[in-house]
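**Q** What follows is entry28.txt, compact mmCIF, C-alpha atoms.
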# COMPACT_ATOMS: atom_id res chain seq x y z
CA GLN A 1 1.03 -5.37 -25.33
CA VAL A 2 3.77 -6.98 -23.21
CA THR A 3 3.69 -10.73 -23.72
CA GLY A 4 5.90 -13.65 -24.59
CA HIS A 5 9.63 -14.26 -24.51
CA LEU A 6 12.16 -11.97 -22.77
CA ASP A 7 15.54 -11.20 -24.40
CA ASP A 8 18.67 -12.73 -22.80
CA CYS A 9 16.45 -15.15 -20.83
CA THR A 10 14.67 -18.48 -21.23
CA CYS A 11 11.60 -17.04 -19.51
CA ASP A 12 8.38 -15.39 -20.65
CA VAL A 13 6.04 -12.73 -19.26
CA GLU A 14 3.08 -15.09 -18.67
CA THR A 15 5.10 -17.50 -16.47
CA ILE A 16 6.26 -14.61 -14.25
CA ASP A 17 2.72 -13.15 -14.00
CA ALA A 18 1.19 -16.45 -12.88
CA PHE A 19 4.01 -17.24 -10.42
CA ASN A 20 4.19 -13.77 -8.89
CA ASN A 21 0.55 -12.73 -8.73
CA TYR A 22 -0.93 -15.95 -7.36
CA LYS A 23 1.91 -17.63 -5.44
CA LEU A 24 4.63 -15.28 -4.29
CA PHE A 25 3.13 -11.78 -3.98
CA PRO A 26 0.63 -12.56 -1.15
CA ARG A 27 3.27 -14.27 1.04
CA LEU A 28 5.86 -11.60 0.39
CA ASN A 29 3.42 -8.89 1.43
CA GLU A 30 2.78 -10.71 4.71
CA LEU A 31 6.54 -10.92 5.37
CA LEU A 32 7.09 -7.20 4.72
CA GLU A 33 4.45 -6.27 7.29
CA SER A 34 6.46 -7.92 10.09
CA ASP A 35 8.48 -5.76 12.49
CA TYR A 36 11.84 -7.01 11.23
CA PHE A 37 11.16 -5.89 7.66
CA ARG A 38 9.12 -2.73 8.17
CA TYR A 39 11.80 -0.64 9.92
CA TYR A 40 14.65 0.62 7.73
CA LYS A 41 17.45 2.84 8.97
CA VAL A 42 18.34 5.63 6.57
CA ASN A 43 20.19 8.92 6.48
CA LEU A 44 18.07 11.33 4.44
CA LYS A 45 20.30 14.29 5.27
CA LYS A 46 23.42 13.32 3.33
CA PRO A 47 24.45 16.10 0.92
CA CYS A 48 24.46 15.45 -2.82
CA PRO A 49 28.07 14.51 -3.71
CA PHE A 50 27.86 15.47 -7.40
CA TRP A 51 26.37 18.93 -7.63
CA ASN A 52 25.36 21.77 -5.33
CA ASP A 53 21.65 21.39 -5.01
CA ASN A 54 19.58 22.67 -2.13
CA SER A 55 16.32 22.70 -4.09
CA HIS A 56 14.45 20.33 -1.81
CA CYS A 57 10.89 19.57 -2.79
CA GLY A 58 8.47 21.93 -1.07
CA ILE A 59 5.42 19.72 -1.56
CA ARG A 60 4.08 18.45 1.76
CA ASP A 61 3.86 14.86 0.50
CA CYS A 62 7.66 14.96 0.03
CA ALA A 63 8.43 16.40 3.44
CA VAL A 64 10.17 14.90 6.43
CA LYS A 65 8.79 16.46 9.58
CA PRO A 66 8.74 13.96 12.43
CA CYS A 67 6.13 14.13 15.16
CA PRO A 68 7.55 15.97 18.19
CA SER A 69 8.21 13.47 20.97
CA ASP A 70 5.48 14.91 23.20
CA GLU A 71 2.94 14.12 20.45
CA VAL A 72 4.01 10.49 20.23
CA PRO A 73 1.60 8.52 22.43
CA ASP A 74 3.00 7.22 25.73
CA GLY A 75 2.12 3.65 24.74
CA ILE A 76 4.55 3.81 21.84
CA ARG A 77 7.33 5.54 23.78
CA SER A 78 7.16 3.04 26.65
CA ALA A 79 6.10 0.09 24.42
CA SER A 80 3.37 -0.65 26.97
CA HIS A 81 1.26 -3.52 25.60
CA LYS A 82 -1.72 -2.22 27.52
CA TYR A 83 -1.89 0.86 25.31
CA SER A 84 -0.38 -0.49 22.10
CA GLU A 85 -3.61 -0.73 20.10
CA GLU A 86 -4.77 2.76 21.09
CA ALA A 87 -1.25 4.09 20.62
CA ASN A 88 -1.03 2.72 17.10
CA SER A 89 -4.26 4.37 16.04
CA ARG A 90 -3.19 7.66 17.60
CA ALA A 91 0.19 7.43 15.86
CA GLU A 92 -1.56 7.05 12.54
CA GLU A 93 -3.73 10.10 13.27
CA CYS A 94 -0.60 12.07 14.11
CA GLU A 95 1.07 10.91 10.91
CA GLU A 96 -1.96 11.85 8.84
CA ALA A 97 -2.65 15.21 10.44
CA LYS A 98 0.85 16.58 10.91
CA ARG A 99 2.72 15.46 7.83
CA LEU A 100 0.64 13.45 5.42
CA GLY A 101 2.93 11.20 3.44
CA ALA A 102 6.12 12.16 5.28
CA VAL A 103 8.64 9.87 6.92
CA ASP A 104 7.89 8.48 10.39
CA GLU A 105 10.89 8.07 12.70
CA SER A 106 9.16 7.81 16.09
CA LEU A 107 10.08 4.48 17.70
CA SER A 108 10.01 3.32 21.29
CA LYS A 109 13.17 2.92 23.39
CA GLU A 110 12.67 -0.87 23.49
CA THR A 111 12.39 -1.08 19.72
CA GLN A 112 15.55 1.02 19.39
CA ARG A 113 17.38 -1.33 21.78
CA ALA A 114 16.26 -4.32 19.73
CA MET A 115 17.55 -2.62 16.61
CA LEU A 116 20.95 -2.05 18.19
CA GLN A 117 21.14 -5.81 18.63
CA TRP A 118 20.16 -6.28 14.97
CA THR A 119 23.27 -4.34 13.99
CA ARG A 120 25.42 -7.17 15.37
CA HIS A 121 24.79 -8.81 12.01
CA ASP A 122 26.24 -5.78 10.29
CA ASP A 123 29.62 -6.44 8.68
CA SER A 124 31.06 -4.38 5.88
CA SER A 125 31.90 -6.26 2.69
CA ASP A 126 32.60 -5.76 -0.97
CA SER A 127 29.35 -4.00 -1.66
CA PHE A 128 27.60 -2.73 -4.77
CA CYS A 129 26.14 0.18 -2.81
CA GLU A 130 27.40 3.21 -0.97
CA ALA A 131 25.84 2.28 2.35
CA ASP A 132 24.68 4.87 4.84
CA ASP A 133 26.62 5.16 8.06
CA ILE A 134 23.84 3.81 10.27
CA HIS A 135 25.69 5.05 13.38
CA SER A 136 25.55 8.64 12.14
CA PRO A 137 23.40 10.95 14.29
CA ASP A 138 21.50 11.79 11.09
CA ALA A 139 20.50 8.16 10.43
CA GLU A 140 16.99 7.40 11.64
CA TYR A 141 14.64 4.42 11.62
CA VAL A 142 11.69 4.73 9.28
CA ASP A 143 8.49 2.71 9.38
CA LEU A 144 8.03 1.77 5.73
CA LEU A 145 4.38 0.84 6.23
CA LEU A 146 3.58 4.38 7.38
CA ASN A 147 5.46 5.81 4.41
CA PRO A 148 4.25 3.99 1.30
CA GLU A 149 5.85 4.77 -2.03
CA ARG A 150 3.39 6.82 -4.05
CA TYR A 151 3.01 9.93 -6.20
CA THR A 152 4.24 13.02 -4.35
CA GLY A 153 4.20 15.64 -7.11
CA TYR A 154 8.02 15.57 -7.40
CA LYS A 155 8.74 15.91 -11.13
CA GLY A 156 10.16 18.31 -13.70
CA PRO A 157 13.81 19.36 -14.21
CA ASP A 158 15.06 18.18 -10.80
CA ALA A 159 13.67 14.66 -11.19
CA TRP A 160 14.80 14.55 -14.85
CA LYS A 161 18.34 15.54 -13.81
CA ILE A 162 18.59 12.48 -11.50
CA TRP A 163 17.57 9.95 -14.14
CA ASN A 164 19.59 11.69 -16.85
CA SER A 165 22.71 11.48 -14.69
CA ILE A 166 22.08 7.78 -14.05
CA TYR A 167 21.56 6.88 -17.70
CA GLU A 168 24.11 9.19 -19.33
CA GLU A 169 27.01 8.76 -16.91
CA ASN A 170 26.59 5.29 -15.41
CA CYS A 171 25.11 2.92 -17.99
CA PHE A 172 28.26 2.43 -20.11
CA LYS A 173 26.63 4.44 -22.91
CA PRO A 174 28.77 6.62 -25.20
CA GLN A 175 27.74 10.27 -25.39
CA ASN A 176 27.07 10.16 -29.14
CA VAL A 177 24.39 7.47 -28.75
CA LYS A 178 21.17 9.22 -27.72
CA ARG A 179 18.53 7.56 -25.58
CA PRO A 180 15.11 6.91 -27.14
CA LEU A 181 12.63 9.77 -26.64
CA ALA A 182 15.43 12.12 -25.56
CA SER A 183 13.90 15.55 -26.11
CA GLY A 184 15.10 17.85 -28.87
CA ARG A 185 17.80 15.58 -30.24
CA GLY A 186 16.37 14.41 -33.55
CA ASP A 187 15.27 11.07 -32.08
CA ASP A 188 15.35 8.28 -34.68
CA GLY A 189 12.86 6.07 -32.86
CA GLY A 190 15.63 4.52 -30.78
CA HIS A 191 17.19 2.78 -33.81
CA THR A 192 20.78 3.94 -33.08
CA PHE A 193 20.40 3.28 -29.37
CA TYR A 194 19.11 -0.28 -29.74
CA LYS A 195 21.69 -1.07 -32.39
CA TRP A 196 24.34 0.01 -29.86
CA LEU A 197 22.69 -1.94 -27.04
CA LYS A 198 22.51 -5.13 -29.13
CA GLY A 199 26.23 -4.80 -29.92
CA VAL A 200 27.54 -4.53 -26.34
CA CYS A 201 28.38 -7.47 -24.09
CA ILE A 202 25.59 -9.14 -22.09
CA GLU A 203 26.81 -7.62 -18.80
CA LYS A 204 26.56 -4.01 -20.04
CA ARG A 205 23.23 -4.76 -21.69
CA ALA A 206 21.96 -6.28 -18.44
CA PHE A 207 23.12 -3.23 -16.48
CA TYR A 208 21.06 -0.90 -18.67
CA LYS A 209 18.03 -3.21 -18.51
CA LEU A 210 18.21 -3.37 -14.70
CA ILE A 211 18.24 0.43 -14.39
CA SER A 212 15.47 0.79 -16.97
CA GLY A 213 13.46 -1.90 -15.15
CA LEU A 214 13.92 -0.09 -11.83
CA HIS A 215 12.80 3.18 -13.46
CA ALA A 216 9.74 1.43 -14.93
CA SER A 217 8.88 -0.14 -11.57
CA ILE A 218 9.03 3.22 -9.79
CA ASN A 219 6.83 4.79 -12.49
CA ILE A 220 4.26 2.00 -12.05
CA HIS A 221 4.11 2.66 -8.29
CA LEU A 222 3.55 6.38 -8.91
CA SER A 223 0.81 5.63 -11.46
CA ALA A 224 -0.86 3.02 -9.22
CA ARG A 225 -0.80 5.21 -6.10
CA TYR A 226 -1.60 8.55 -7.67
CA LEU A 227 -3.21 11.39 -5.76
CA LEU A 228 -6.74 11.25 -7.22
CA GLN A 229 -8.49 13.51 -4.73
CA ASP A 230 -7.06 16.23 -2.52
CA THR A 231 -9.64 18.12 -0.48
CA TRP A 232 -9.81 19.32 3.09
CA LEU A 233 -12.04 16.31 3.77
CA GLU A 234 -9.73 13.61 2.43
CA LYS A 235 -6.77 12.60 0.30
CA ARG A 236 -7.36 9.58 -1.90
CA TRP A 237 -4.71 7.63 -3.80
CA GLY A 238 -5.40 5.10 -6.53
CA PRO A 239 -4.60 4.01 -10.11
CA ASN A 240 -4.27 6.81 -12.67
CA VAL A 241 -4.72 5.22 -16.10
CA THR A 242 -3.79 8.38 -18.04
CA GLU A 243 -0.48 8.68 -16.15
CA PHE A 244 0.22 4.99 -16.77
CA GLN A 245 -0.49 5.31 -20.51
CA GLN A 246 1.73 8.36 -20.89
CA ARG A 247 4.63 6.35 -19.52
CA PHE A 248 3.97 2.94 -21.09
CA ASP A 249 1.43 3.00 -23.94
CA GLU A 250 3.03 1.65 -27.14
CA VAL A 251 1.65 4.40 -29.40
CA ILE A 252 2.22 7.36 -27.06
CA THR A 253 5.80 6.26 -26.26
CA ARG A 254 6.55 5.22 -29.86
CA GLY A 255 7.21 1.61 -28.86
CA GLU A 256 9.40 2.49 -25.87
CA GLY A 257 6.82 1.70 -23.14
CA PRO A 258 6.60 -2.07 -23.79
CA ARG A 259 10.41 -2.27 -23.83
CA ARG A 260 10.52 -0.57 -20.42
CA LEU A 261 8.01 -3.09 -19.07
CA LYS A 262 10.02 -6.01 -20.42
CA ASN A 263 13.01 -4.58 -18.56
CA LEU A 264 10.89 -4.63 -15.39
CA TYR A 265 10.40 -8.38 -15.89
CA PHE A 266 14.15 -8.77 -16.43
CA LEU A 267 14.77 -6.98 -13.11
CA TYR A 268 12.23 -9.32 -11.47
CA LEU A 269 14.13 -12.38 -12.73
CA ILE A 270 17.49 -11.08 -11.48
CA GLU A 271 16.18 -10.34 -7.97
CA LEU A 272 14.22 -13.62 -7.85
CA ARG A 273 17.38 -15.50 -8.83
CA ALA A 274 19.27 -13.84 -5.99
CA LEU A 275 16.61 -14.96 -3.48
CA SER A 276 16.88 -18.54 -4.72
CA LYS A 277 20.69 -18.44 -4.38
CA VAL A 278 20.85 -16.96 -0.86
CA LEU A 279 18.72 -19.69 0.76
CA PRO A 280 21.70 -21.44 2.51
CA PHE A 281 22.58 -18.20 4.35
CA PHE A 282 19.11 -17.96 5.92
CA GLU A 283 18.60 -21.70 6.45
CA ARG A 284 21.32 -21.96 9.11
CA PRO A 285 19.81 -22.73 12.54
CA GLY A 286 21.91 -19.96 14.11
CA PHE A 287 20.50 -17.25 11.85
CA GLN A 288 17.79 -15.19 13.57
CA LEU A 289 15.60 -12.33 12.44
CA TYR A 290 15.91 -10.73 15.85
CA THR A 291 13.29 -8.32 17.14
CA GLY A 292 13.13 -9.47 20.76
CA ASN A 293 9.81 -11.33 20.36
CA ARG A 294 11.04 -14.92 20.18
CA SER A 295 7.86 -16.66 19.02
CA HIS A 296 7.10 -13.97 16.44
CA ASP A 297 10.70 -14.07 15.17
CA ALA A 298 10.46 -17.85 14.68
CA GLU A 299 7.21 -17.44 12.71
CA VAL A 300 8.76 -14.77 10.49
CA LYS A 301 11.82 -16.93 9.79
CA THR A 302 9.53 -19.84 8.81
CA LEU A 303 7.65 -17.55 6.40
CA LEU A 304 10.95 -16.20 5.04
CA LEU A 305 12.22 -19.72 4.31
CA GLU A 306 8.90 -20.62 2.64
CA ILE A 307 9.33 -17.64 0.31
CA LEU A 308 12.95 -18.54 -0.48
CA HIS A 309 12.01 -22.18 -1.22
CA LEU A 310 9.19 -20.89 -3.42
CA ALA A 311 11.69 -18.63 -5.23
CA LYS A 312 13.96 -21.64 -5.76
CA SER A 313 11.07 -23.64 -7.26
CA PHE A 314 10.55 -21.11 -10.09
CA PRO A 315 10.89 -23.13 -13.30
CA LEU A 316 12.61 -20.64 -15.65
CA HIS A 317 15.35 -18.91 -13.65
CA PHE A 318 17.79 -16.49 -15.22
CA ASP A 319 21.17 -18.13 -15.84
CA GLU A 320 23.76 -15.75 -14.45
CA ASN A 321 26.62 -18.08 -15.51
CA SER A 322 26.78 -16.12 -18.76
CA PHE A 323 27.96 -13.10 -16.75
CA PHE A 324 31.72 -12.41 -16.60
CA ALA A 325 32.41 -15.76 -18.22
CA GLY A 326 35.18 -14.83 -20.68
CA ASN A 327 38.87 -14.07 -20.17
CA LYS A 328 39.44 -14.00 -16.40
CA LYS A 329 41.44 -10.77 -16.36
CA GLU A 330 38.95 -8.96 -18.61
CA ALA A 331 36.01 -10.41 -16.66
CA ALA A 332 37.44 -9.20 -13.33
CA LYS A 333 37.98 -5.71 -14.76
CA LEU A 334 34.42 -5.58 -16.16
CA LYS A 335 32.96 -6.85 -12.89
CA GLU A 336 34.72 -4.09 -10.95
CA GLU A 337 33.45 -1.49 -13.46
CA PHE A 338 29.95 -2.90 -13.02
CA ARG A 339 30.23 -2.61 -9.24
CA LEU A 340 31.63 0.95 -9.29
CA HIS A 341 28.95 2.16 -11.72
CA PHE A 342 26.28 0.76 -9.45
CA ARG A 343 27.86 2.31 -6.34
CA ASN A 344 27.80 5.64 -8.17
CA ILE A 345 24.06 5.28 -8.81
CA SER A 346 23.48 4.59 -5.12
CA LYS A 347 25.29 7.88 -4.33
CA ILE A 348 23.10 9.79 -6.82
CA MET A 349 20.08 8.88 -4.65
CA ASP A 350 21.36 11.45 -2.12
CA CYS A 351 20.65 14.12 -4.76
CA VAL A 352 16.90 13.37 -4.94
CA GLY A 353 15.07 16.48 -3.70
CA CYS A 354 11.91 14.73 -2.50
CA PHE A 355 12.68 12.94 0.78
CA LYS A 356 9.96 10.32 0.31
CA CYS A 357 11.37 9.56 -3.15
CA ARG A 358 14.90 9.58 -1.72
CA LEU A 359 13.92 7.04 0.93
CA TRP A 360 12.49 4.58 -1.61
CA GLY A 361 15.21 5.29 -4.16
CA LYS A 362 17.94 4.49 -1.64
CA LEU A 363 16.14 1.37 -0.43
CA GLN A 364 15.53 -0.01 -3.94
CA THR A 365 19.07 0.63 -5.18
CA GLN A 366 20.48 -0.98 -2.03
CA GLY A 367 18.13 -3.93 -2.54
CA LEU A 368 19.24 -4.42 -6.14
CA GLY A 369 22.88 -3.94 -5.15
CA THR A 370 22.43 -6.68 -2.52
CA ALA A 371 20.89 -8.99 -5.16
CA LEU A 372 23.93 -8.44 -7.40
CA LYS A 373 26.27 -9.05 -4.46
CA ILE A 374 24.51 -12.41 -3.87
CA LEU A 375 24.70 -13.45 -7.53
CA PHE A 376 28.43 -12.69 -7.64
CA SER A 377 29.12 -14.47 -4.33
CA GLU A 378 27.82 -17.92 -5.28
CA ASN A 379 31.07 -19.71 -4.42
CA LEU A 380 31.20 -18.06 -0.98
CA ILE A 381 27.54 -18.93 -0.27
CA GLU A 382 28.15 -22.58 -1.16
CA LYS A 383 30.92 -22.70 1.47
CA ILE A 384 28.78 -21.34 4.32
CA PRO A 385 29.03 -23.75 7.30
CA ASP A 386 25.81 -25.17 8.76
CA SER A 387 26.70 -23.77 12.17
CA GLY A 388 28.86 -20.94 13.42
CA PRO A 389 29.50 -17.58 11.76
CA SER A 390 29.53 -17.09 8.01
CA TYR A 391 32.85 -15.33 7.54
CA GLY A 392 33.10 -15.59 3.77
CA PHE A 393 29.66 -14.21 2.99
CA GLN A 394 27.67 -11.85 5.18
CA LEU A 395 24.57 -9.71 4.85
CA THR A 396 23.89 -6.81 7.18
CA ARG A 397 20.41 -6.26 8.52
CA GLN A 398 20.22 -3.17 6.26
CA GLU A 399 20.94 -5.32 3.22
CA ILE A 400 18.39 -7.96 4.23
CA VAL A 401 15.62 -5.43 4.77
CA ALA A 402 16.49 -3.63 1.51
CA LEU A 403 16.73 -6.88 -0.49
CA PHE A 404 13.24 -8.08 0.43
CA ASN A 405 11.55 -4.69 0.34
CA ALA A 406 13.10 -3.90 -3.06
CA PHE A 407 11.88 -7.22 -4.42
CA GLY A 408 8.53 -6.47 -2.80
CA ARG A 409 8.36 -3.26 -4.88
CA VAL A 410 9.13 -5.13 -8.14
CA SER A 411 6.65 -7.88 -7.23
CA THR A 412 4.03 -5.19 -6.55
CA SER A 413 4.74 -3.61 -9.95
CA VAL A 414 4.11 -6.91 -11.74
CA ARG A 415 0.86 -7.27 -9.78
CA GLU A 416 -0.18 -3.67 -10.55
CA LEU A 417 0.41 -4.31 -14.26
CA GLU A 418 -2.32 -6.93 -14.18
CA ASN A 419 -4.60 -4.42 -12.48
CA PHE A 420 -3.94 -1.82 -15.20
CA ARG A 421 -4.50 -4.46 -17.90
CA ASN A 422 -7.92 -5.23 -16.38
CA ILE A 423 -8.88 -1.53 -16.13
CA LEU A 424 -7.80 -0.83 -19.73
CA GLY A 425 -9.61 -3.97 -20.95
CA LYS A 426 -12.87 -2.73 -19.46
CA MET A 427 -12.40 0.71 -21.03
CA GLN A 428 -12.15 -0.65 -24.58
Please go through the file and, once you have read it, give me the structure as structure tokens.

**A**
Amino acid sequence: QVTGHLDDCTCDVETIDAFNNYKLFPRLNELLESDYFRYYKVNLKKPCPFWNDNSHCGIRDCAVKPCPSDEVPDGIRSASHKYSEEANSRAEECEEAKRLGAVDESLSKETQRAMLQWTRHDDSSDSFCEADDIHSPDAEYVDLLLNPERYTGYKGPDAWKIWNSIYEENCFKPQNVKRPLASGRGDDGGHTFYKWLKGVCIEKRAFYKLISGLHASINIHLSARYLLQDTWLEKRWGPNVTEFQQRFDEVITRGEGPRRLKNLYFLYLIELRALSKVLPFFERPGFQLYTGNRSHDAEVKTLLLEILHLAKSFPLHFDENSFFAGNKKEAAKLKEEFRLHFRNISKIMDCVGCFKCRLWGKLQTQGLGTALKILFSENLIEKIPDSGPSYGFQLTRQEIVALFNAFGRVSTSVRELENFRNILGKMQ
């Protein structure tokens, strides 16, 4: 049902599908499995700044309960290569048995030392996100590979409250214009809403489409990694077609589902464009993805540059020059509004009751915020010297890890869409 041309772009769905699924997705997955990109530092204990809410999700797949240090195998704590293979398998058993689906923060002392050196890259700048204080005692490293984004059972009023706050208070929408499918409000099939959306400037329209695309992407992940079997013998995750249809089928959603999916493709184009623009920052000989393993780091940087060159080769990039292109004073004011609204959304992620969902929500909003920062820093990026520090434009390690993992999530969503298309085709 989702085909053809995308609004506000020169691109189409089929071009993105072919480029992502057969060229970019496999390489990006390989990159995200490397040590530099799999560990993300996050503070999951920050209180919600907007409302008093201690209703943390009680479902075990939401929980954060780290392995006690005496249960972490010696090979991991001492980073002894002799035991690393055995230690890794035992760590996985511990993760499975003690807190299936919860966040893993057990890292060796050597890995922690390497990560302290990574933070040398960390400079604060004019950011689109409310960044965590990574030096806080509550901030911990998480292995993203041990904590995949998937269905946890977190839903209902608490989850609805998060998204409602994002859409109603941060997407430039007036209160009298109701969102499509808003319950109990005499929904007119979205006619009033889309008339309003068509009438606003491209920047505000893009903001809504980015948030809607992020929401769609997260819903695809939850549908694609749904808990299909939960017995004392095993837990099995996989695609849940019924869940997917309830969120995206044209008939069930009264035409809203395909629009959500088109917004996912719009999000893909924005983040892909950012990757193509940031190439000069990573190309500098002095830039290192430091983990302490010199040969591995060099291989990862080579793969990273391959992906960025591939992103640059995409034939139908989004043209961000239409953003903030009018009166300079008005444009600057709108840009600041845009940035503050997005920062607010990043703060709302601290109100998510499910810690697994909070982890991925924070990472994906920081990744999108970093993409926006790149797109609005083009002049600074062009002035980056070939050698020496990049004073005008800087990305912290947090931003780099979030940028690529967030794009990895959107890329995965586009790939999962093809999988759902195939399943639904066979069912007909």

**Q** Which residues are close to Ser313 in chain A, i.e. within 12 Å by only C-alpha atoms, leaving aside same-chain residues fewer than 6 positions away? Reply as a ChimeraX atom specification.

**A** /A:19,23-24,272-273,275-277,279,306-307

**Q** I want to know what sits within 8 Å of Thr3 in chain A, based on only C-alpha atoms, with residues of the same chain fewer than 2 positions away left out; could you give that as a ChimeraX atom specification?

**A** /A:1,5,12-14

**Q** Take the residues just selected and output them with C-alpha atoms as a compact mmCIF listing (two decimals), in the coordinates of the input.

**A**
# COMPACT_ATOMS: atom_id res chain seq x y z
CA GLN A 1 1.03 -5.37 -25.33
CA HIS A 5 9.63 -14.26 -24.51
CA ASP A 12 8.38 -15.39 -20.65
CA VAL A 13 6.04 -12.73 -19.26
CA GLU A 14 3.08 -15.09 -18.67

**Q** At a cut-off of 8 Å, using only C-alpha atoms, what residues contact Met349 in chain A? Leave out same-chain residues fewer than 3 positions from it and give the result as a JSON list (two decimals) with C-alpha atoms, in the coordinates of the input.

**A**
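Just written: part26.json:
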[["chain", "number", "residue", "atom", "x", "y", "z"],
["A", 162, "ILE", "CA", 18.59, 12.48, -11.50],
["A", 345, "ILE", "CA", 24.06, 5.28, -8.81],
["A", 346, "SER", "CA", 23.48, 4.59, -5.12],
["A", 352, "VAL", "CA", 16.90, 13.37, -4.94],
["A", 358, "ARG", "CA", 14.90, 9.58, -1.72],
["A", 361, "GLY", "CA", 15.21, 5.29, -4.16],
["A", 362, "LYS", "CA", 17.94, 4.49, -1.64]]

**Q** Can you tell me, as a PyMOL selection string, what residues are no more than 12 Å from Ile384 in chain A when counting only C-alpha atoms, ignoring any on the same chain fewer than 5 positions away?

**A** chain A and resi 278-284+287+377-379+389-394

**Q** So that each row is one residue of range 133-238 of chain A with an atom at most 12 Å from range 318-322 of chain A, can you give its shortest atom pair and the distance in Å to one decimal, using only C-alpha atoms, rows by chain and rising number, as CSV?

**A**
residue,atom,partner,partner_atom,distance
A:Cys201,CA,A:Ser322,CA,10.3
A:Ile202,CA,A:Ser322,CA,7.8
A:Glu203,CA,A:Ser322,CA,8.5
A:Ala206,CA,A:Glu320,CA,10.4

**Q** Could you tell me which of A:Arg38, A:Lys335, A:Lys235, A:Arg415 comes closest to Leu264 in chain A if we count all atoms listed in the file?

**A** A:Arg415

**Q** Can you tell me which residues surround Pro285 in chain A at a distance of at most 12 Å, considering only C-alpha atoms, apart from same-chain residues fewer than 5 positions away, and format the answer as a ChimeraX atom specification?

**A** /A:280,298,301-302,305,385-389

**Q** Record the distance separating CA of Glu337 in chain A and CA of Phe324 in chain A, expressed in Å with one decimal.

**A**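 Between these atoms lies a distance of 11.5 Å.
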
**Q** Would you fill out range 362-366 of chain A with all heavy atoms and return it as a PDB file, in the frame of the given file?

**A**
ATOM      1  N   LYS A 362      16.783   5.078  -2.336  1.00  0.00           N
ATOM      2  CA  LYS A 362      17.940   4.490  -1.640  1.00  0.00           C
ATOM      3  C   LYS A 362      17.672   3.027  -1.303  1.00  0.00           C
ATOM      4  O   LYS A 362      18.529   2.167  -1.478  1.00  0.00           O
ATOM      5  CB  LYS A 362      18.233   5.288  -0.361  1.00  0.00           C
ATOM      6  CG  LYS A 362      18.921   6.623  -0.622  1.00  0.00           C
ATOM      7  CD  LYS A 362      18.897   7.532   0.587  1.00  0.00           C
ATOM      8  CE  LYS A 362      19.961   7.197   1.593  1.00  0.00           C
ATOM      9  NZ  LYS A 362      21.274   7.793   1.279  1.00  0.00           N
ATOM     10  N   LEU A 363      16.464   2.743  -0.811  1.00  0.00           N
ATOM     11  CA  LEU A 363      16.140   1.370  -0.430  1.00  0.00           C
ATOM     12  C   LEU A 363      16.183   0.441  -1.646  1.00  0.00           C
ATOM     13  O   LEU A 363      16.738  -0.663  -1.590  1.00  0.00           O
ATOM     14  CB  LEU A 363      14.759   1.322   0.228  1.00  0.00           C
ATOM     15  CG  LEU A 363      14.314  -0.054   0.709  1.00  0.00           C
ATOM     16  CD1 LEU A 363      13.546   0.055   2.017  1.00  0.00           C
ATOM     17  CD2 LEU A 363      13.435  -0.762  -0.307  1.00  0.00           C
ATOM     18  N   GLN A 364      15.610   0.879  -2.769  1.00  0.00           N
ATOM     19  CA  GLN A 364      15.530  -0.010  -3.940  1.00  0.00           C
ATOM     20  C   GLN A 364      16.890  -0.198  -4.608  1.00  0.00           C
ATOM     21  O   GLN A 364      17.188  -1.282  -5.104  1.00  0.00           O
ATOM     22  CB  GLN A 364      14.488   0.516  -4.919  1.00  0.00           C
ATOM     23  CG  GLN A 364      13.077   0.293  -4.380  1.00  0.00           C
ATOM     24  CD  GLN A 364      12.000   0.949  -5.224  1.00  0.00           C
ATOM     25  OE1 GLN A 364      11.520   0.379  -6.186  1.00  0.00           O
ATOM     26  NE2 GLN A 364      11.619   2.169  -4.862  1.00  0.00           N
ATOM     27  N   THR A 365      17.733   0.838  -4.615  1.00  0.00           N
ATOM     28  CA  THR A 365      19.070   0.630  -5.180  1.00  0.00           C
ATOM     29  C   THR A 365      19.901  -0.255  -4.253  1.00  0.00           C
ATOM     30  O   THR A 365      20.637  -1.119  -4.728  1.00  0.00           O
ATOM     31  CB  THR A 365      19.806   1.970  -5.419  1.00  0.00           C
ATOM     32  OG1 THR A 365      19.702   2.791  -4.262  1.00  0.00           O
ATOM     33  CG2 THR A 365      19.252   2.698  -6.607  1.00  0.00           C
ATOM     34  N   GLN A 366      19.748  -0.089  -2.937  1.00  0.00           N
ATOM     35  CA  GLN A 366      20.480  -0.980  -2.030  1.00  0.00           C
ATOM     36  C   GLN A 366      19.985  -2.417  -2.169  1.00  0.00           C
ATOM     37  O   GLN A 366      20.777  -3.363  -2.120  1.00  0.00           O
ATOM     38  CB  GLN A 366      20.349  -0.521  -0.568  1.00  0.00           C
ATOM     39  CG  GLN A 366      21.262  -1.344   0.333  1.00  0.00           C
ATOM     40  CD  GLN A 366      21.236  -0.936   1.802  1.00  0.00           C
ATOM     41  OE1 GLN A 366      20.298  -0.316   2.278  1.00  0.00           O
ATOM     42  NE2 GLN A 366      22.289  -1.289   2.522  1.00  0.00           N
TER      43      GLN A 366
END
